[in-house]
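> Sharing a structure with you now.
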Amino acid sequence: MTEKNNKKKVILFIVLCISIVALTTSLTYAYFVSQVGTNEQEKITIRSGDLALTFRDNNETVENTEGTWSLGDSVEKELVIENTGTRDGYAKISWDNLINTYLAGSLTYTLEEKSDESGAVWKQVETVSSNVPRSETASTRVLVDHLFIPTGNTYTYRVRITFEDLPDIDQTADLNAKFITKFTLEESIKEGLYDKIKRTAQTAIPNFANPATTDETANGLFSMEDDYGTSYYYRGTAPNNYIKFGRDANGKDMWWRIIRFNGNGTIRMQYDGTGAVGTNTYTRGFAMTGQRWNSNYNDAKYVGWMFGGANGSASTSREQAQRNETDSPIKTKVDEWYKTNIVDTGYGNYVADNIFCNDRSTPGKSETGWTEDTGLGYGNNFTAYGAYARLGASSGSPNHQNPIPQFTCPHENDKFTVEAENGGNEKSTYPVGLITADEIVAAGSGKYGTANSSYYLNKGSWYWSFSPYYTPNPFVFVIRNNGYLNSDSINSSGSIAPVINLKAEYLDKLQGKGTIDNPYFLS
């Protein structure tokens, strides 16, 4: 018989999910062994203080000791965890007494959950791996950790194990392989959100030229260096970056979308609208609409969040143009909004003073690809700025087909903070700003001028970024109506979505899952 026929030959597959064992992890736990079935009496409970997690198996055994199991077949196992205690708990399910001698990748598994609240709706659960661990001798391996089980709730978990047909791999060795396991339950220590983000972060660098139209961070956020360390950022539709924080001057809950977790552990987030207090619904919108960056637009200095000299006076050097002396009209508006809706409502102490980069670096035409670029950055001199070069706004730019966003700020003078000790120029009145063009591309807009209505920054109406584009008729980067990165004159009327940073001390105090129906929030 050929190897191919051998591979397709019926293969003995043994699954013995006979018992569930609550393992002893400390003196507070009891040790149980039970043939657990559908009978209400046949169950086990872990008790620790005010926590009580009851674990039961709705099928006493799943086995195929005498039958056959073909390539592509699957077997399912359902497990139930009920929290009958008086506090929320976290649980860990493990493979126990596991023996798996199948080839690596031959046995894969998925895990889904549904709760008594969600009814028949199954949701995918992130697991330690997608492959059943290999083990020549009986061992215990984690299947899934940090399962959140709210008090008074019952969760059903469905494990599906599949015997895979591996292309171009001789699976003859699987003819005599063995798979035997039990499942165990333990209480789990809550994993900090930041620890989980770091653990699951993707190492790959996305293709920033392509628009991200799906959730590209479902299996972990992407990472990039910022001025404080390593940032972890969302990309694509991001259905799990919702956060509800603060109440505005009208008493409504304010909703935000998390852009990234900064290198110092703070949370960078963009205003996204308001909703009725105590509900998980809101109306997407802006803090302000119909706002000009500056009604003066005949000098390079006006691309600045702040600029040198009075409004209406000409600049005669880059140093003078970029001297942070006078607030731009848009900065004044954003500061007023922040004071009214964050400070005056009692939420100012939650906000971190982080760098906002108004990048006015002038790399010159060799990097910007704009033949008229003088690189001078003042008066009526043709000048393109740093983000213009990095993100390839010009067809002649070396980065036009390969934008390279960055979260570090090239010049100290452009790092806007309230206090110098936080790494910036201490020129901000309040710790608030706008999203940068680099953050827009990292989030999935695609290269300059590419439409993308699917990623989370698209709001259906155009709004301002924090990043200068070019002069002498000053333009600033914006997000257009259909989500694409573009630019507009500072004298145009656009919308404003303020950006703030939540202090690091609150990161691991967030509750919820970041979804629109269960957003992150501070209790």
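A note on labels: chains of the structure tokens are A, B, ... as shown, every chain counts residues from 1, and ligands are counted from 1 in their shown order.
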What lies within 7 Å of A:Phe208 using only C-alpha atoms, ignoring chain neighbours under 5 positions off, as a list of chain:residue names?

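The residues that qualify are A:Asn402, A:Pro403, A:Val441, A:Ala442, A:Gly444, A:Gly446, A:Lys447.
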
> Based on the backbone DSSP call, show me all residues of stretch 379-468 of chain A assigned strand (DSSP E or B), as a list in words.

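So, restricting stretch 379-468 of chain A to strand (DSSP E or B), we get Thr383, Ala384, Phe407, Lys415, Phe416, Gly433, Tyr463, Trp464, Ser465, Phe466, Ser467 and Pro468 of chain A.
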
> Pick out the closest residue to A:Tyr102 from this set: A:Arg323, A:Arg134, A:His411, A:His400. Count only C-alpha atoms.

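Comparing A:Arg323, A:Arg134, A:His411, A:His400 against A:Tyr102, the winner is A:Arg134.
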
> Would you list the contacts of A:Ala300 as a CSV table (one decimal) with all heavy atoms, in the first residue's frame, taking every protein, DNA or RNA residue within 9 Å and counting only C-alpha atoms, but skipping same-chain residues closer than 3 positions in sequence?


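Written file, result.csv:
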```csv
chain,number,residue,atom,x,y,z
A,297,TYR,N,-3.6,82.0,7.1
A,297,TYR,CA,-3.0,80.9,6.4
A,297,TYR,C,-2.0,81.4,5.3
A,297,TYR,O,-1.9,80.8,4.2
A,297,TYR,CB,-4.1,80.0,5.8
A,297,TYR,CG,-5.1,80.7,4.9
A,297,TYR,CD1,-4.9,80.8,3.5
A,297,TYR,CD2,-6.2,81.4,5.5
A,297,TYR,CE1,-5.9,81.4,2.7
A,297,TYR,CE2,-7.1,82.1,4.7
A,297,TYR,CZ,-6.9,82.1,3.3
A,297,TYR,OH,-7.8,82.8,2.5
A,303,VAL,N,1.1,76.2,10.8
A,303,VAL,CA,0.9,74.7,10.9
A,303,VAL,C,1.1,74.3,12.4
A,303,VAL,O,0.8,73.1,12.7
A,303,VAL,CB,1.8,73.9,10.0
A,303,VAL,CG1,1.5,74.2,8.5
A,303,VAL,CG2,3.3,74.1,10.4
A,304,GLY,N,1.6,75.2,13.2
A,304,GLY,CA,1.9,74.8,14.6
A,304,GLY,C,0.7,74.8,15.5
A,304,GLY,O,-0.2,75.6,15.4
A,314,ALA,N,4.6,88.1,10.2
A,314,ALA,CA,5.3,87.2,9.4
A,314,ALA,C,6.5,86.6,10.2
A,314,ALA,O,7.1,87.2,11.0
A,314,ALA,CB,5.8,87.9,8.1
A,315,SER,N,6.8,85.3,9.8
A,315,SER,CA,8.0,84.7,10.4
A,315,SER,C,9.2,84.9,9.4
A,315,SER,O,9.0,84.9,8.2
A,315,SER,CB,7.8,83.2,10.7
A,315,SER,OG,7.5,82.5,9.5
A,318,ARG,N,13.0,79.7,10.7
A,318,ARG,CA,12.3,78.5,11.2
A,318,ARG,C,12.2,78.6,12.7
A,318,ARG,O,11.2,78.2,13.3
A,318,ARG,CB,13.0,77.3,10.8
A,318,ARG,CG,12.2,76.0,11.1
A,318,ARG,CD,12.8,74.7,10.6
A,318,ARG,NE,14.1,74.4,11.2
A,318,ARG,CZ,14.8,73.3,10.9
A,318,ARG,NH1,14.3,72.5,10.0
A,318,ARG,NH2,15.9,73.1,11.5
A,321,ALA,N,9.4,80.9,13.6
A,321,ALA,CA,8.1,80.3,13.2
A,321,ALA,C,7.7,79.2,14.2
A,321,ALA,O,6.5,79.1,14.5
A,321,ALA,CB,8.2,79.7,11.8
A,322,GLN,N,8.6,78.5,14.7
A,322,GLN,CA,8.3,77.3,15.5
A,322,GLN,C,8.5,77.6,17.0
A,322,GLN,O,8.4,76.7,17.8
A,322,GLN,CB,9.2,76.1,15.1
A,322,GLN,CG,8.9,75.7,13.7
A,322,GLN,CD,9.6,74.5,13.2
A,322,GLN,OE1,10.3,73.8,14.0
A,322,GLN,NE2,9.5,74.1,12.0
A,377,GLY,N,10.9,76.1,6.2
A,377,GLY,CA,10.0,76.1,7.3
A,377,GLY,C,9.6,77.4,7.9
A,377,GLY,O,9.2,77.4,9.1
A,378,TYR,N,9.6,78.5,7.1
A,378,TYR,CA,9.2,79.8,7.6
A,378,TYR,C,8.7,80.6,6.5
A,378,TYR,O,8.9,80.3,5.3
A,378,TYR,CB,10.3,80.5,8.4
A,378,TYR,CG,11.4,81.0,7.6
A,378,TYR,CD1,11.4,82.3,7.0
A,378,TYR,CD2,12.5,80.2,7.3
A,378,TYR,CE1,12.4,82.7,6.2
A,378,TYR,CE2,13.6,80.6,6.6
A,378,TYR,CZ,13.5,81.9,6.0
A,378,TYR,OH,14.6,82.3,5.2
A,379,GLY,N,7.9,81.7,6.8
A,379,GLY,CA,7.4,82.6,5.8
A,379,GLY,C,6.6,81.9,4.7
A,379,GLY,O,5.8,81.0,5.0
A,380,ASN,N,6.9,82.3,3.5
A,380,ASN,CA,6.2,81.8,2.3
A,380,ASN,C,7.1,80.7,1.6
A,380,ASN,O,6.8,80.4,0.4
A,380,ASN,CB,5.8,82.9,1.4
A,380,ASN,CG,4.7,83.7,1.9
A,380,ASN,OD1,3.7,83.2,2.5
A,380,ASN,ND2,4.8,85.0,1.8
A,381,ASN,N,8.0,80.2,2.3
A,381,ASN,CA,8.9,79.2,1.6
A,381,ASN,C,8.2,77.8,1.5
A,381,ASN,O,7.6,77.4,2.5
A,381,ASN,CB,10.2,79.0,2.5
A,381,ASN,CG,11.0,80.2,2.4
A,381,ASN,OD1,11.6,80.6,1.4
A,381,ASN,ND2,11.2,80.9,3.6
A,382,PHE,N,8.3,77.2,0.4
A,382,PHE,CA,7.7,75.9,0.2
A,382,PHE,C,8.4,74.9,1.1
A,382,PHE,O,9.6,74.7,1.0
A,382,PHE,CB,7.8,75.5,-1.3
A,382,PHE,CG,6.9,76.2,-2.2
A,382,PHE,CD1,7.4,77.4,-2.8
A,382,PHE,CD2,5.7,75.8,-2.5
A,382,PHE,CE1,6.5,78.1,-3.7
A,382,PHE,CE2,4.8,76.4,-3.4
A,382,PHE,CZ,5.3,77.6,-3.9
A,383,THR,N,7.6,74.2,1.9
A,383,THR,CA,8.2,73.3,2.9
A,383,THR,C,7.3,72.2,3.2
A,383,THR,O,6.1,72.4,3.4
A,383,THR,CB,8.5,74.0,4.3
A,383,THR,OG1,9.3,75.2,4.0
A,383,THR,CG2,9.2,73.1,5.2
A,470,TYR,N,2.2,70.6,4.6
A,470,TYR,CA,3.2,71.4,3.9
A,470,TYR,C,2.7,72.9,4.0
A,470,TYR,O,1.6,73.2,4.5
A,470,TYR,CB,3.4,71.0,2.5
A,470,TYR,CG,2.3,71.1,1.5
A,470,TYR,CD1,1.2,72.0,1.7
A,470,TYR,CD2,2.4,70.5,0.3
A,470,TYR,CE1,0.2,72.1,0.7
A,470,TYR,CE2,1.4,70.6,-0.7
A,470,TYR,CZ,0.4,71.4,-0.5
A,470,TYR,OH,-0.6,71.6,-1.5
A,471,THR,N,3.6,73.8,3.5
A,471,THR,CA,3.3,75.2,3.4
A,471,THR,C,3.9,75.7,2.0
A,471,THR,O,4.6,74.9,1.4
A,471,THR,CB,4.0,76.0,4.5
A,471,THR,OG1,5.4,75.8,4.4
A,471,THR,CG2,3.6,75.5,5.9
A,472,PRO,N,3.6,77.0,1.5
A,472,PRO,CA,3.3,78.2,2.3
A,472,PRO,C,1.8,78.3,2.6
A,472,PRO,O,1.5,79.0,3.6
A,472,PRO,CB,3.8,79.3,1.5
A,472,PRO,CG,3.7,78.8,0.1
A,472,PRO,CD,4.0,77.3,0.2
A,473,ASN,N,0.9,77.9,1.7
A,473,ASN,CA,-0.5,77.9,2.1
A,473,ASN,C,-0.7,76.7,3.0
A,473,ASN,O,-0.8,75.5,2.6
A,473,ASN,CB,-1.4,77.7,0.9
A,473,ASN,CG,-2.8,77.6,1.2
A,473,ASN,OD1,-3.2,77.9,2.4
A,473,ASN,ND2,-3.7,77.3,0.2
A,474,PRO,N,-0.6,76.9,4.4
A,474,PRO,CA,-0.4,75.8,5.3
A,474,PRO,C,-1.6,74.7,5.2
A,474,PRO,O,-2.8,75.1,5.3
A,474,PRO,CB,-0.4,76.5,6.7
A,474,PRO,CG,0.0,77.9,6.4
A,474,PRO,CD,-0.7,78.2,5.1
```

> What does the distance from atom CA of A:Gly246 to atom CA of A:Arg260 come to in Å, to one decimal?

18.8 Å

> At a cut-off of 6 Å, using only C-alpha atoms, what residues contact stretch 404-408 of chain A? Leave out same-chain residues fewer than 2 positions from it and give the result as JSON, numbers by chain.

{"A": [226, 227, 390, 391, 438]}

> Residues as selected, C-alpha atoms, written as a PDB file, in the first residue's frame, can you do that?


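Saved file result33.pdb follows:
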```pdb
ATOM      1  CA  ASP A 226       7.571  55.498  21.209  1.00  0.00           C
ATOM      2  CA  ASP A 227       9.234  58.204  23.312  1.00  0.00           C
ATOM      3  CA  ARG A 390       7.603  59.235   6.335  1.00  0.00           C
ATOM      4  CA  LEU A 391       4.145  58.522   4.974  1.00  0.00           C
ATOM      5  CA  ASP A 438       1.548  58.348  11.886  1.00  0.00           C
TER       6      ASP A 438
END
```

> Can you pull out every residue within 6 Å of A:Ile161, counting only C-alpha atoms, but drop anything in the same chain fewer than 5 positions away, and send it as a VMD selection string?

chain A and resid 74 to 75 108 to 109

> Restrict the selected residues to N, CA, C and O atoms and save them as a PDB file, in the first residue's frame.


```pdb
ATOM      1  N   SER A  74     -13.662  15.465  13.687  1.00  0.00           N
ATOM      2  CA  SER A  74     -13.535  16.223  14.934  1.00  0.00           C
ATOM      3  C   SER A  74     -14.335  15.548  16.031  1.00  0.00           C
ATOM      4  O   SER A  74     -15.278  14.800  15.772  1.00  0.00           O
ATOM      5  N   VAL A  75     -13.930  15.830  17.263  1.00  0.00           N
ATOM      6  CA  VAL A  75     -14.683  15.393  18.430  1.00  0.00           C
ATOM      7  C   VAL A  75     -14.841  16.602  19.342  1.00  0.00           C
ATOM      8  O   VAL A  75     -13.959  17.453  19.410  1.00  0.00           O
ATOM      9  N   THR A 108      -5.419  19.567  16.372  1.00  0.00           N
ATOM     10  CA  THR A 108      -5.635  20.970  16.719  1.00  0.00           C
ATOM     11  C   THR A 108      -6.901  21.078  17.560  1.00  0.00           C
ATOM     12  O   THR A 108      -7.703  20.141  17.615  1.00  0.00           O
ATOM     13  N   TYR A 109      -7.052  22.233  18.199  1.00  0.00           N
ATOM     14  CA  TYR A 109      -8.268  22.420  18.981  1.00  0.00           C
ATOM     15  C   TYR A 109      -8.694  23.878  18.978  1.00  0.00           C
ATOM     16  O   TYR A 109      -7.894  24.792  18.751  1.00  0.00           O
TER      17      TYR A 109
END
```

> Excluding A:Gly278 and any residue of its chain fewer than 2 positions from it, enumerate the residues within 10 Å of it, using only C-alpha atoms, and give them as JSON, numbers by chain.

{"A": [252, 253, 275, 276, 280, 281]}
